[in-house]
>>> print(open('my_file26.pdb').read())   # PDB, C-alpha atoms
ATOM      1  CA  MET A 229     149.603  90.812  40.102
ATOM      2  CA  THR A 230     151.051  87.473  39.395
ATOM      3  CA  LEU A 231     149.017  84.390  40.106
ATOM      4  CA  ASP A 232     151.976  83.205  42.157
ATOM      5  CA  GLU A 233     151.655  86.172  44.531
ATOM      6  CA  LEU A 234     147.970  85.544  45.147
ATOM      7  CA  ALA A 235     148.471  81.805  45.495
ATOM      8  CA  ALA A 236     151.267  82.359  48.025
ATOM      9  CA  LEU A 237     149.093  84.715  50.091
ATOM     10  CA  LYS A 238     146.086  82.418  50.054
ATOM     11  CA  GLY A 239     148.294  79.487  50.961
ATOM     12  CA  MET A 240     149.708  81.406  53.908
ATOM     13  CA  LEU A 241     146.230  82.353  55.135
ATOM     14  CA  VAL A 242     144.907  78.802  54.824
ATOM     15  CA  ALA A 243     147.952  77.341  56.577
ATOM     16  CA  ASN A 244     147.842  79.849  59.434
ATOM     17  CA  PRO A 245     144.189  80.604  60.227
ATOM     18  CA  PHE A 246     143.147  82.791  63.134
ATOM     19  CA  ASP A 247     140.329  81.264  65.166
ATOM     20  CA  PHE A 248     138.294  84.026  66.792
ATOM     21  CA  THR A 249     136.182  81.449  68.623
ATOM     22  CA  ILE A 250     139.000  80.601  71.042
ATOM     23  CA  PRO A 251     139.627  82.751  74.143
ATOM     24  CA  ALA A 252     140.461  86.324  73.156
ATOM     25  CA  ALA A 253     143.784  86.359  74.966
ATOM     26  CA  GLU A 254     144.966  83.344  72.973
ATOM     27  CA  VAL A 255     143.943  84.555  69.523
ATOM     28  CA  ARG A 256     145.220  88.037  70.421
ATOM     29  CA  ALA A 257     148.682  86.682  71.114
ATOM     30  CA  GLN A 258     148.666  84.638  67.895
ATOM     31  CA  PHE A 259     147.312  87.399  65.671
ATOM     32  CA  ASN A 260     149.349  90.292  67.056
ATOM     33  CA  GLY A 261     152.487  88.182  67.037
ATOM     34  CA  ALA A 262     152.016  87.215  63.400
ATOM     35  CA  VAL A 263     151.127  90.675  62.056
ATOM     36  CA  ALA A 264     153.981  92.238  64.037
ATOM     37  CA  THR A 265     156.396  90.346  61.760
ATOM     38  CA  PHE A 266     155.131  92.083  58.614
ATOM     39  CA  PRO A 267     157.681  94.505  57.135
ATOM     40  CA  VAL A 268     157.263  98.236  57.839
ATOM     41  CA  ASN A 269     158.794 101.021  55.747
ATOM     42  CA  GLU A 270     162.059 101.888  57.499
ATOM     43  CA  SER A 271     161.583 105.596  56.779
ATOM     44  CA  PHE A 272     158.442 105.776  58.919
ATOM     45  CA  ALA A 273     159.024 107.506  62.267
ATOM     46  CA  PHE A 274     156.205 106.838  64.724
ATOM     47  CA  LYS A 275     155.874 108.271  68.201
ATOM     48  CA  GLU A 276     153.526 107.273  70.987
ATOM     49  CA  THR A 277     151.043 109.944  71.992
ATOM     50  CA  LYS A 278     147.524 110.525  73.296
ATOM     51  CA  ILE A 279     144.871 112.616  71.601
ATOM     52  CA  GLY A 280     141.544 113.115  73.293
ATOM     53  CA  GLY A 281     142.836 110.829  76.023
ATOM     54  CA  VAL A 282     143.170 107.948  73.541
ATOM     55  CA  PRO A 283     146.620 106.377  73.061
ATOM     56  CA  GLY A 284     148.030 105.765  69.624
ATOM     57  CA  LEU A 285     150.859 106.303  67.188
ATOM     58  CA  TRP A 286     151.594 109.596  65.430
ATOM     59  CA  MET A 287     153.654 110.128  62.290
ATOM     60  CA  ASP A 288     154.438 113.586  60.909
ATOM     61  CA  ALA A 289     154.019 114.697  57.322
ATOM     62  CA  PRO A 290     155.929 117.995  57.417
ATOM     63  CA  GLY A 291     154.017 120.863  55.870
ATOM     64  CA  SER A 292     150.676 119.068  55.675
ATOM     65  CA  PRO A 293     147.657 120.596  57.472
ATOM     66  CA  ASN A 294     145.775 117.298  57.146
ATOM     67  CA  VAL A 295     145.670 114.124  59.195
ATOM     68  CA  LEU A 296     144.580 110.526  58.685
ATOM     69  CA  MET A 297     142.948 109.080  61.808
ATOM     70  CA  TYR A 298     143.207 105.301  61.494
ATOM     71  CA  VAL A 299     141.129 102.631  63.259
ATOM     72  CA  HIS A 300     142.581  99.125  62.977
ATOM     73  CA  GLY A 301     140.697  95.898  62.418
ATOM     74  CA  GLY A 302     140.669  92.642  64.364
ATOM     75  CA  ALA A 303     137.086  91.470  65.017
ATOM     76  CA  MET A 304     136.941  93.854  68.028
ATOM     77  CA  LEU A 305     139.178  91.361  69.858
ATOM     78  CA  VAL A 306     142.718  91.745  68.507
ATOM     79  CA  GLY A 307     145.073  94.221  66.876
ATOM     80  CA  THR A 308     146.960  97.317  67.995
ATOM     81  CA  ALA A 309     148.100 100.533  66.380
ATOM     82  CA  GLU A 310     151.623  99.127  66.613
ATOM     83  CA  VAL A 311     151.029  95.927  64.656
ATOM     84  CA  TYR A 312     148.923  97.744  62.037
ATOM     85  CA  ARG A 313     151.407 100.609  61.624
ATOM     86  CA  GLY A 314     152.662  99.249  58.296
ATOM     87  CA  LEU A 315     149.203  99.504  56.711
ATOM     88  CA  SER A 316     148.165 102.755  58.369
ATOM     89  CA  GLY A 317     151.544 104.351  57.696
ATOM     90  CA  ASN A 318     151.437 103.294  54.049
ATOM     91  CA  LEU A 319     148.002 104.866  53.607
ATOM     92  CA  ALA A 320     149.017 108.150  55.238
ATOM     93  CA  ALA A 321     152.231 108.277  53.215
ATOM     94  CA  ALA A 322     150.334 107.619  49.979
ATOM     95  CA  ALA A 323     148.059 110.551  50.811
ATOM     96  CA  GLY A 324     150.971 112.726  51.974
ATOM     97  CA  ILE A 325     149.319 113.636  55.288
ATOM     98  CA  ASN A 326     149.928 113.294  59.026
ATOM     99  CA  HIS A 327     148.951 110.040  60.710
ATOM    100  CA  PHE A 328     147.307 109.127  64.000
ATOM    101  CA  SER A 329     146.411 105.469  64.515
ATOM    102  CA  ILE A 330     144.457 104.800  67.695
ATOM    103  CA  ASP A 331     144.547 102.031  70.270
ATOM    104  CA  TYR A 332     140.891 101.666  71.145
ATOM    105  CA  ARG A 333     139.783  99.388  73.951
ATOM    106  CA  LEU A 334     139.120  95.784  72.932
ATOM    107  CA  ALA A 335     136.470  93.223  73.821
ATOM    108  CA  PRO A 336     135.693  91.208  75.806
ATOM    109  CA  GLU A 337     137.375  93.234  78.552
ATOM    110  CA  HIS A 338     135.717  96.381  77.202
ATOM    111  CA  GLN A 339     132.352  95.932  75.540
ATOM    112  CA  TYR A 340     130.233  98.342  73.501
ATOM    113  CA  PRO A 341     130.344 101.340  73.533
ATOM    114  CA  ALA A 342     133.979 101.489  74.742
ATOM    115  CA  ALA A 343     135.594 101.190  71.303
ATOM    116  CA  LEU A 344     133.225 103.686  69.692
ATOM    117  CA  ASP A 345     133.695 106.075  72.613
ATOM    118  CA  ASP A 346     137.451 105.931  72.023
ATOM    119  CA  VAL A 347     137.065 106.607  68.297
ATOM    120  CA  MET A 348     134.807 109.561  69.049
ATOM    121  CA  SER A 349     137.172 110.889  71.728
ATOM    122  CA  ALA A 350     140.147 110.703  69.372
ATOM    123  CA  TYR A 351     138.256 112.519  66.613
ATOM    124  CA  LYS A 352     137.080 115.249  68.970
ATOM    125  CA  GLY A 353     140.603 115.429  70.368
ATOM    126  CA  LEU A 354     141.955 116.253  66.922
ATOM    127  CA  LEU A 355     139.386 119.056  66.677
ATOM    128  CA  THR A 356     140.386 120.342  70.096
ATOM    129  CA  ASP A 357     144.047 120.258  69.086
ATOM    130  CA  GLY A 358     143.297 122.618  66.199
ATOM    131  CA  TYR A 359     142.608 120.386  63.227
ATOM    132  CA  GLN A 360     139.564 121.461  61.269
ATOM    133  CA  ALA A 361     137.043 118.786  60.328
ATOM    134  CA  GLU A 362     137.751 119.489  56.653
ATOM    135  CA  ASN A 363     141.384 118.532  57.281
ATOM    136  CA  ILE A 364     140.635 115.143  58.876
ATOM    137  CA  VAL A 365     140.204 111.846  57.032
ATOM    138  CA  VAL A 366     139.028 108.841  59.039
ATOM    139  CA  ALA A 367     139.871 105.358  57.832
ATOM    140  CA  GLY A 368     139.695 101.799  59.058
ATOM    141  CA  ASP A 369     139.783  98.190  57.965
ATOM    142  CA  SER A 370     137.381  95.377  58.813
ATOM    143  CA  ALA A 371     136.109  95.990  62.376
ATOM    144  CA  GLY A 372     137.840  99.351  62.218
ATOM    145  CA  GLY A 373     135.870 100.135  59.075
ATOM    146  CA  GLY A 374     132.670  99.392  60.954
ATOM    147  CA  LEU A 375     133.767 101.702  63.762
ATOM    148  CA  VAL A 376     134.479 104.465  61.234
ATOM    149  CA  LEU A 377     130.943 104.110  59.871
ATOM    150  CA  ALA A 378     129.544 104.125  63.412
ATOM    151  CA  LEU A 379     131.515 107.312  64.083
ATOM    152  CA  LEU A 380     129.918 108.987  61.058
ATOM    153  CA  LEU A 381     126.458 108.003  62.311
ATOM    154  CA  ALA A 382     127.209 109.249  65.828
ATOM    155  CA  LEU A 383     128.514 112.575  64.502
ATOM    156  CA  LYS A 384     125.411 112.949  62.349
ATOM    157  CA  ALA A 385     123.122 112.230  65.307
ATOM    158  CA  THR A 386     124.771 114.889  67.468
ATOM    159  CA  GLY A 387     125.198 117.481  64.734
ATOM    160  CA  ALA A 388     128.985 117.434  65.073
ATOM    161  CA  PRO A 389     131.022 118.189  61.953
ATOM    162  CA  GLN A 390     131.746 115.322  59.608
ATOM    163  CA  PRO A 391     135.358 114.702  58.555
ATOM    164  CA  ALA A 392     136.490 115.610  55.059
ATOM    165  CA  ALA A 393     136.280 111.980  53.967
ATOM    166  CA  ALA A 394     136.106 108.393  55.190
ATOM    167  CA  VAL A 395     137.822 105.271  53.884
ATOM    168  CA  VAL A 396     136.594 101.803  54.813
ATOM    169  CA  LEU A 397     138.527  98.720  53.763
ATOM    170  CA  SER A 398     136.638  95.411  53.777
ATOM    171  CA  PRO A 399     134.224  96.856  56.358
ATOM    172  CA  TRP A 400     132.516  94.655  58.946
ATOM    173  CA  ALA A 401     129.270  96.623  59.101
ATOM    174  CA  ASP A 402     126.630  93.996  59.912
ATOM    175  CA  LEU A 403     127.279  92.143  63.156
ATOM    176  CA  THR A 404     124.073  90.130  62.644
ATOM    177  CA  HIS A 405     125.788  88.594  59.596
ATOM    178  CA  SER A 406     122.637  88.640  57.481
ATOM    179  CA  GLY A 407     124.364  89.395  54.167
ATOM    180  CA  GLU A 408     124.036  86.792  51.442
ATOM    181  CA  THR A 409     127.789  86.453  50.916
ATOM    182  CA  MET A 410     128.120  85.101  54.453
ATOM    183  CA  SER A 411     126.974  81.849  52.864
ATOM    184  CA  THR A 412     127.738  82.241  49.159
ATOM    185  CA  MET A 413     131.396  83.111  49.763
ATOM    186  CA  ALA A 414     131.953  80.874  52.785
ATOM    187  CA  ASP A 415     133.987  78.386  50.753
ATOM    188  CA  LYS A 416     136.013  81.079  48.965
ATOM    189  CA  ASP A 417     136.963  83.386  51.830
ATOM    190  CA  VAL A 418     140.332  82.187  53.118
ATOM    191  CA  SER A 419     140.515  84.691  55.987
ATOM    192  CA  LEU A 420     137.218  84.873  57.859
ATOM    193  CA  THR A 421     134.459  82.550  59.023
ATOM    194  CA  LYS A 422     130.941  83.368  60.136
ATOM    195  CA  ALA A 423     131.540  81.508  63.411
ATOM    196  CA  GLY A 424     134.612  83.606  64.147
ATOM    197  CA  LEU A 425     132.796  86.861  63.439
ATOM    198  CA  GLU A 426     129.824  85.756  65.531
ATOM    199  CA  SER A 427     132.206  85.186  68.431
ATOM    200  CA  GLY A 428     133.684  88.664  68.056
ATOM    201  CA  ALA A 429     130.254  90.238  67.721
ATOM    202  CA  SER A 430     128.856  88.632  70.861
ATOM    203  CA  GLN A 431     131.929  89.482  72.940
ATOM    204  CA  TYR A 432     131.809  93.100  71.759
ATOM    205  CA  ALA A 433     128.060  93.762  71.926
ATOM    206  CA  GLY A 434     127.323  91.942  75.167
ATOM    207  CA  SER A 435     123.660  92.522  75.987
ATOM    208  CA  HIS A 436     123.189  95.274  73.406
ATOM    209  CA  PRO A 437     121.153  94.382  70.297
ATOM    210  CA  LEU A 438     123.308  93.625  67.294
ATOM    211  CA  THR A 439     120.863  95.571  65.121
ATOM    212  CA  ASP A 440     121.792  98.844  66.851
ATOM    213  CA  PRO A 441     123.175 101.016  64.012
ATOM    214  CA  LEU A 442     126.091 102.065  66.199
ATOM    215  CA  ILE A 443     127.038  98.367  66.397
ATOM    216  CA  SER A 444     125.936  97.386  62.877
ATOM    217  CA  PRO A 445     126.089 100.585  60.793
ATOM    218  CA  VAL A 446     124.471  98.911  57.794
ATOM    219  CA  PHE A 447     121.180  99.387  59.654
ATOM    220  CA  GLY A 448     121.688 103.131  60.119
ATOM    221  CA  ASP A 449     120.911 106.003  57.761
ATOM    222  CA  LEU A 450     124.237 106.797  56.109
ATOM    223  CA  GLY A 451     122.789 109.591  54.022
ATOM    224  CA  GLY A 452     124.428 112.959  54.529
ATOM    225  CA  VAL A 453     127.659 111.679  56.062
ATOM    226  CA  ALA A 454     131.196 112.332  54.835
ATOM    227  CA  PRO A 455     132.166 111.251  51.315
ATOM    228  CA  MET A 456     133.403 107.696  51.510
ATOM    229  CA  LEU A 457     135.587 105.239  49.654
ATOM    230  CA  ILE A 458     134.777 101.554  50.069
ATOM    231  CA  GLU A 459     137.367  98.928  49.116
ATOM    232  CA  VAL A 460     136.422  95.239  49.160
ATOM    233  CA  GLY A 461     137.361  91.920  47.576
ATOM    234  CA  THR A 462     134.744  90.036  45.576
ATOM    235  CA  THR A 463     135.304  86.731  47.394
ATOM    236  CA  GLU A 464     134.957  88.091  50.924
ATOM    237  CA  ILE A 465     132.115  86.942  53.149
ATOM    238  CA  LEU A 466     131.852  90.656  54.010
ATOM    239  CA  TYR A 467     131.212  91.643  50.389
ATOM    240  CA  SER A 468     127.499  92.096  51.107
ATOM    241  CA  ASP A 469     128.341  94.374  54.035
ATOM    242  CA  ALA A 470     130.223  96.624  51.638
ATOM    243  CA  THR A 471     127.549  96.664  48.927
ATOM    244  CA  ARG A 472     124.759  97.395  51.428
ATOM    245  CA  VAL A 473     126.755 100.247  52.968
ATOM    246  CA  ARG A 474     127.256 101.598  49.441
ATOM    247  CA  ASP A 475     123.572 101.379  48.547
ATOM    248  CA  ASN A 476     122.456 102.783  51.912
ATOM    249  CA  ALA A 477     124.774 105.777  51.705
ATOM    250  CA  ARG A 478     124.152 106.513  48.036
ATOM    251  CA  GLY A 479     120.410 106.243  48.605
ATOM    252  CA  GLY A 480     120.678 109.078  51.107
ATOM    253  CA  GLY A 481     122.730 111.259  48.795
ATOM    254  CA  THR A 482     126.194 110.550  50.194
ATOM    255  CA  ASP A 483     129.116 110.687  47.763
ATOM    256  CA  VAL A 484     130.359 107.081  47.591
ATOM    257  CA  THR A 485     133.229 105.660  45.568
ATOM    258  CA  PHE A 486     133.018 101.869  45.453
ATOM    259  CA  SER A 487     136.001  99.783  44.394
ATOM    260  CA  ASP A 488     135.728  95.999  44.363
ATOM    261  CA  TRP A 489     138.692  93.824  43.448
ATOM    262  CA  GLU A 490     138.340  90.470  41.761
ATOM    263  CA  ASP A 491     139.361  87.488  43.889
ATOM    264  CA  MET A 492     141.122  89.559  46.564
ATOM    265  CA  PRO A 493     141.028  88.170  50.112
ATOM    266  CA  HIS A 494     139.894  90.102  53.151
ATOM    267  CA  ASP A 495     142.127  93.041  54.081
ATOM    268  CA  TRP A 496     144.575  92.339  51.264
ATOM    269  CA  SER A 497     146.285  95.729  51.622
ATOM    270  CA  LEU A 498     147.665  94.459  54.938
ATOM    271  CA  PHE A 499     149.794  92.139  52.789
ATOM    272  CA  SER A 500     151.135  94.790  50.398
ATOM    273  CA  PHE A 501     154.671  93.587  51.102
ATOM    274  CA  MET A 502     153.897  90.412  49.160
ATOM    275  CA  LEU A 503     150.946  91.275  46.920
ATOM    276  CA  SER A 504     151.067  93.936  44.221
ATOM    277  CA  GLU A 505     147.302  94.535  44.459
ATOM    278  CA  GLY A 506     147.870  95.571  48.051
ATOM    279  CA  ARG A 507     150.250  98.271  46.863
ATOM    280  CA  ASP A 508     147.892  99.240  44.049
ATOM    281  CA  MET A 509     145.000  99.629  46.464
ATOM    282  CA  ILE A 510     147.073 101.769  48.833
ATOM    283  CA  ASP A 511     147.985 104.019  45.902
ATOM    284  CA  GLU A 512     144.309 104.228  44.916
ATOM    285  CA  VAL A 513     143.325 105.230  48.432
ATOM    286  CA  GLY A 514     146.076 107.829  48.587
ATOM    287  CA  SER A 515     144.995 109.405  45.295
ATOM    288  CA  TRP A 516     141.346 109.448  46.367
ATOM    289  CA  ILE A 517     142.187 111.146  49.671
ATOM    290  CA  LYS A 518     144.264 113.756  47.882
ATOM    291  CA  GLY A 519     141.304 114.493  45.642
ATOM    292  CA  LYS A 520     138.968 114.986  48.580
ATOM    293  CA  LEU A 521     141.400 117.290  50.387
ATOM    294  CA  ALA A 522     142.259 119.402  47.332
TER     295      ALA A 522
END
>>> encode(input="my_file26.pdb", output="structure tokens")
Amino acid sequence: MTLDELAALKGMLVANPFDFTIPAAEVRAQFNGAVATFPVNESFAFKETKIGGVPGLWMDAPGSPNVLMYVHGGAMLVGTAEVYRGLSGNLAAAAGINHFSIDYRLAPEHQYPAALDDVMSAYKGLLTDGYQAENIVVAGDSAGGGLVLALLLALKATGAPQPAAAVVLSPWADLTHSGETMSTMADKDVSLTKAGLESGASQYAGSHPLTDPLISPVFGDLGGVAPMLIEVGTTEILYSDATRVRDNARGGGTDVTFSDWEDMPHDWSLFSFMLSEGRDMIDEVGSWIKGKLA
């Protein structure tokens, strides 16, 4: 990293904030439009498909029996597989495996449990299509990371097979926002605000209690789920979400690799085109996945 890279990224985020408290359609247009401009590796060849009835983007890794199922972030309100294809494609390429990034239904048009139902349907669809659980890695960033954790809890509750591994990047795992870094990092986090997350949480959960572990996985028992890798920046307001997921899962005997990065902003791997730590983190994730699939 150069300090110039980090300063440029933080300056861009401060100058162009996304306000999740405004109507979803407005912030969706702003966010999706901005992220759609991020460079994508020209060698990536995506095709639209449906698996388990869930639409998304597929990318082949010839000769690989494994697949990365990716769940994008966006506070449950914004984002698509298309605009996140740079990040998801980079992760799959780093791991050398096939890629399926899903387009789950968004709030407020579709409230809980629509998004989780879509994640579950896509995972079961991969199983139906012939992928073995031990050949599937599930991954997600931010809200998508929370949905990945909720998937693991739902699979555990029903006795369905866990995937080979799970990767959560800057996970949003507590929609009650009770973690201490919600306040201690409020002045340092250049990407997220508690008010914005509260807006996303209320529009997603509707009348369901935010303490439901399938909405806020930090309140579930993450013991005995798939091995997981957690990546988080130390100045994120979601840092406490990540550390509590780590402690919860490890306390129940789950294999957890925890990687925190000094001074990195939320979801910094999304900006790998301009930040070397983004590329370094993607490489780290790829190596970890390879190790779990070996």
>>> resolve_selection(input="my_file26.pdb", expression="the PyMOL selection byres ((chain A and resi 343-353) around 9)", output="PyMOL selection string")
chain A and resi 278-283+297+299+304+330-335+338-342+354-359+361+364+366+375-376+378-379+382-383+391+432+442-443
>>> residues_around(input="my_file26.pdb", residues="stretch 231-244 of chain A", least_positions_apart="2", cutoff="7 Å", atoms="all atoms listed in the file", output="PyMOL selection string")
chain A and resi 229+246+418-419+502-503
>>> atom_distance(input="my_file26.pdb", atom1="atom CA of A:Pro267", atom2="atom CA of A:Trp496")
14.5 Å
>>> residues_around(input="my_file26.pdb", residues="A:Arg478", least_positions_apart="4", cutoff="10 Å", atoms="all atoms listed in the file", output="list of chain:residue names")
A:Leu450, A:Gly451, A:Gly452, A:Pro455, A:Met456, A:Arg472, A:Val473, A:Arg474, A:Thr482, A:Asp483, A:Val484, A:Thr485
>>> write_last_selection(input="my_file26.pdb", atoms="C-alpha atoms", output="mmCIF file, in the frame of the given file")
data_model
loop_
_atom_site.group_PDB
_atom_site.id
_atom_site.type_symbol
_atom_site.label_atom_id
_atom_site.label_comp_id
_atom_site.auth_asym_id
_atom_site.auth_seq_id
_atom_site.Cartn_x
_atom_site.Cartn_y
_atom_site.Cartn_z
ATOM 1 C CA LEU A 450 124.237 106.797 56.109
ATOM 2 C CA GLY A 451 122.789 109.591 54.022
ATOM 3 C CA GLY A 452 124.428 112.959 54.529
ATOM 4 C CA PRO A 455 132.166 111.251 51.315
ATOM 5 C CA MET A 456 133.403 107.696 51.510
ATOM 6 C CA ARG A 472 124.759 97.395 51.428
ATOM 7 C CA VAL A 473 126.755 100.247 52.968
ATOM 8 C CA ARG A 474 127.256 101.598 49.441
ATOM 9 C CA THR A 482 126.194 110.550 50.194
ATOM 10 C CA ASP A 483 129.116 110.687 47.763
ATOM 11 C CA VAL A 484 130.359 107.081 47.591
ATOM 12 C CA THR A 485 133.229 105.660 45.568
#
>>> resolve_selection(input="my_file26.pdb", expression="the PyMOL selection byres ((chain A and resi 394-408) around 8)", output="PyMOL selection string")
chain A and resi 365-374+376-377+391-393+409-412+422+425-426+429+438-439+443-447+454-461+466-470+473+494-495+513
>>> write_last_selection(input="my_file26.pdb", atoms="C-alpha atoms", output="PDB file, keeping the file's coordinate frame")
ATOM      1  CA  VAL A 365     140.204 111.846  57.032  1.00  0.00           C
ATOM      2  CA  VAL A 366     139.028 108.841  59.039  1.00  0.00           C
ATOM      3  CA  ALA A 367     139.871 105.358  57.832  1.00  0.00           C
ATOM      4  CA  GLY A 368     139.695 101.799  59.058  1.00  0.00           C
ATOM      5  CA  ASP A 369     139.783  98.190  57.965  1.00  0.00           C
ATOM      6  CA  SER A 370     137.381  95.377  58.813  1.00  0.00           C
ATOM      7  CA  ALA A 371     136.109  95.990  62.376  1.00  0.00           C
ATOM      8  CA  GLY A 372     137.840  99.351  62.218  1.00  0.00           C
ATOM      9  CA  GLY A 373     135.870 100.135  59.075  1.00  0.00           C
ATOM     10  CA  GLY A 374     132.670  99.392  60.954  1.00  0.00           C
ATOM     11  CA  VAL A 376     134.479 104.465  61.234  1.00  0.00           C
ATOM     12  CA  LEU A 377     130.943 104.110  59.871  1.00  0.00           C
ATOM     13  CA  PRO A 391     135.358 114.702  58.555  1.00  0.00           C
ATOM     14  CA  ALA A 392     136.490 115.610  55.059  1.00  0.00           C
ATOM     15  CA  ALA A 393     136.280 111.980  53.967  1.00  0.00           C
ATOM     16  CA  THR A 409     127.789  86.453  50.916  1.00  0.00           C
ATOM     17  CA  MET A 410     128.120  85.101  54.453  1.00  0.00           C
ATOM     18  CA  SER A 411     126.974  81.849  52.864  1.00  0.00           C
ATOM     19  CA  THR A 412     127.738  82.241  49.159  1.00  0.00           C
ATOM     20  CA  LYS A 422     130.941  83.368  60.136  1.00  0.00           C
ATOM     21  CA  LEU A 425     132.796  86.861  63.439  1.00  0.00           C
ATOM     22  CA  GLU A 426     129.824  85.756  65.531  1.00  0.00           C
ATOM     23  CA  ALA A 429     130.254  90.238  67.721  1.00  0.00           C
ATOM     24  CA  LEU A 438     123.308  93.625  67.294  1.00  0.00           C
ATOM     25  CA  THR A 439     120.863  95.571  65.121  1.00  0.00           C
ATOM     26  CA  ILE A 443     127.038  98.367  66.397  1.00  0.00           C
ATOM     27  CA  SER A 444     125.936  97.386  62.877  1.00  0.00           C
ATOM     28  CA  PRO A 445     126.089 100.585  60.793  1.00  0.00           C
ATOM     29  CA  VAL A 446     124.471  98.911  57.794  1.00  0.00           C
ATOM     30  CA  PHE A 447     121.180  99.387  59.654  1.00  0.00           C
ATOM     31  CA  ALA A 454     131.196 112.332  54.835  1.00  0.00           C
ATOM     32  CA  PRO A 455     132.166 111.251  51.315  1.00  0.00           C
ATOM     33  CA  MET A 456     133.403 107.696  51.510  1.00  0.00           C
ATOM     34  CA  LEU A 457     135.587 105.239  49.654  1.00  0.00           C
ATOM     35  CA  ILE A 458     134.777 101.554  50.069  1.00  0.00           C
ATOM     36  CA  GLU A 459     137.367  98.928  49.116  1.00  0.00           C
ATOM     37  CA  VAL A 460     136.422  95.239  49.160  1.00  0.00           C
ATOM     38  CA  GLY A 461     137.361  91.920  47.576  1.00  0.00           C
ATOM     39  CA  LEU A 466     131.852  90.656  54.010  1.00  0.00           C
ATOM     40  CA  TYR A 467     131.212  91.643  50.389  1.00  0.00           C
ATOM     41  CA  SER A 468     127.499  92.096  51.107  1.00  0.00           C
ATOM     42  CA  ASP A 469     128.341  94.374  54.035  1.00  0.00           C
ATOM     43  CA  ALA A 470     130.223  96.624  51.638  1.00  0.00           C
ATOM     44  CA  VAL A 473     126.755 100.247  52.968  1.00  0.00           C
ATOM     45  CA  HIS A 494     139.894  90.102  53.151  1.00  0.00           C
ATOM     46  CA  ASP A 495     142.127  93.041  54.081  1.00  0.00           C
ATOM     47  CA  VAL A 513     143.325 105.230  48.432  1.00  0.00           C
TER      48      VAL A 513
END
>>> atom_distance(input="my_file26.pdb", atom1="atom CA of A:Ile250", atom2="atom CA of A:Gly301")
17.6 Å
>>> atom_distance(input="my_file26.pdb", atom1="atom CA of A:Trp286", atom2="atom CA of A:Gly428")
27.7 Å
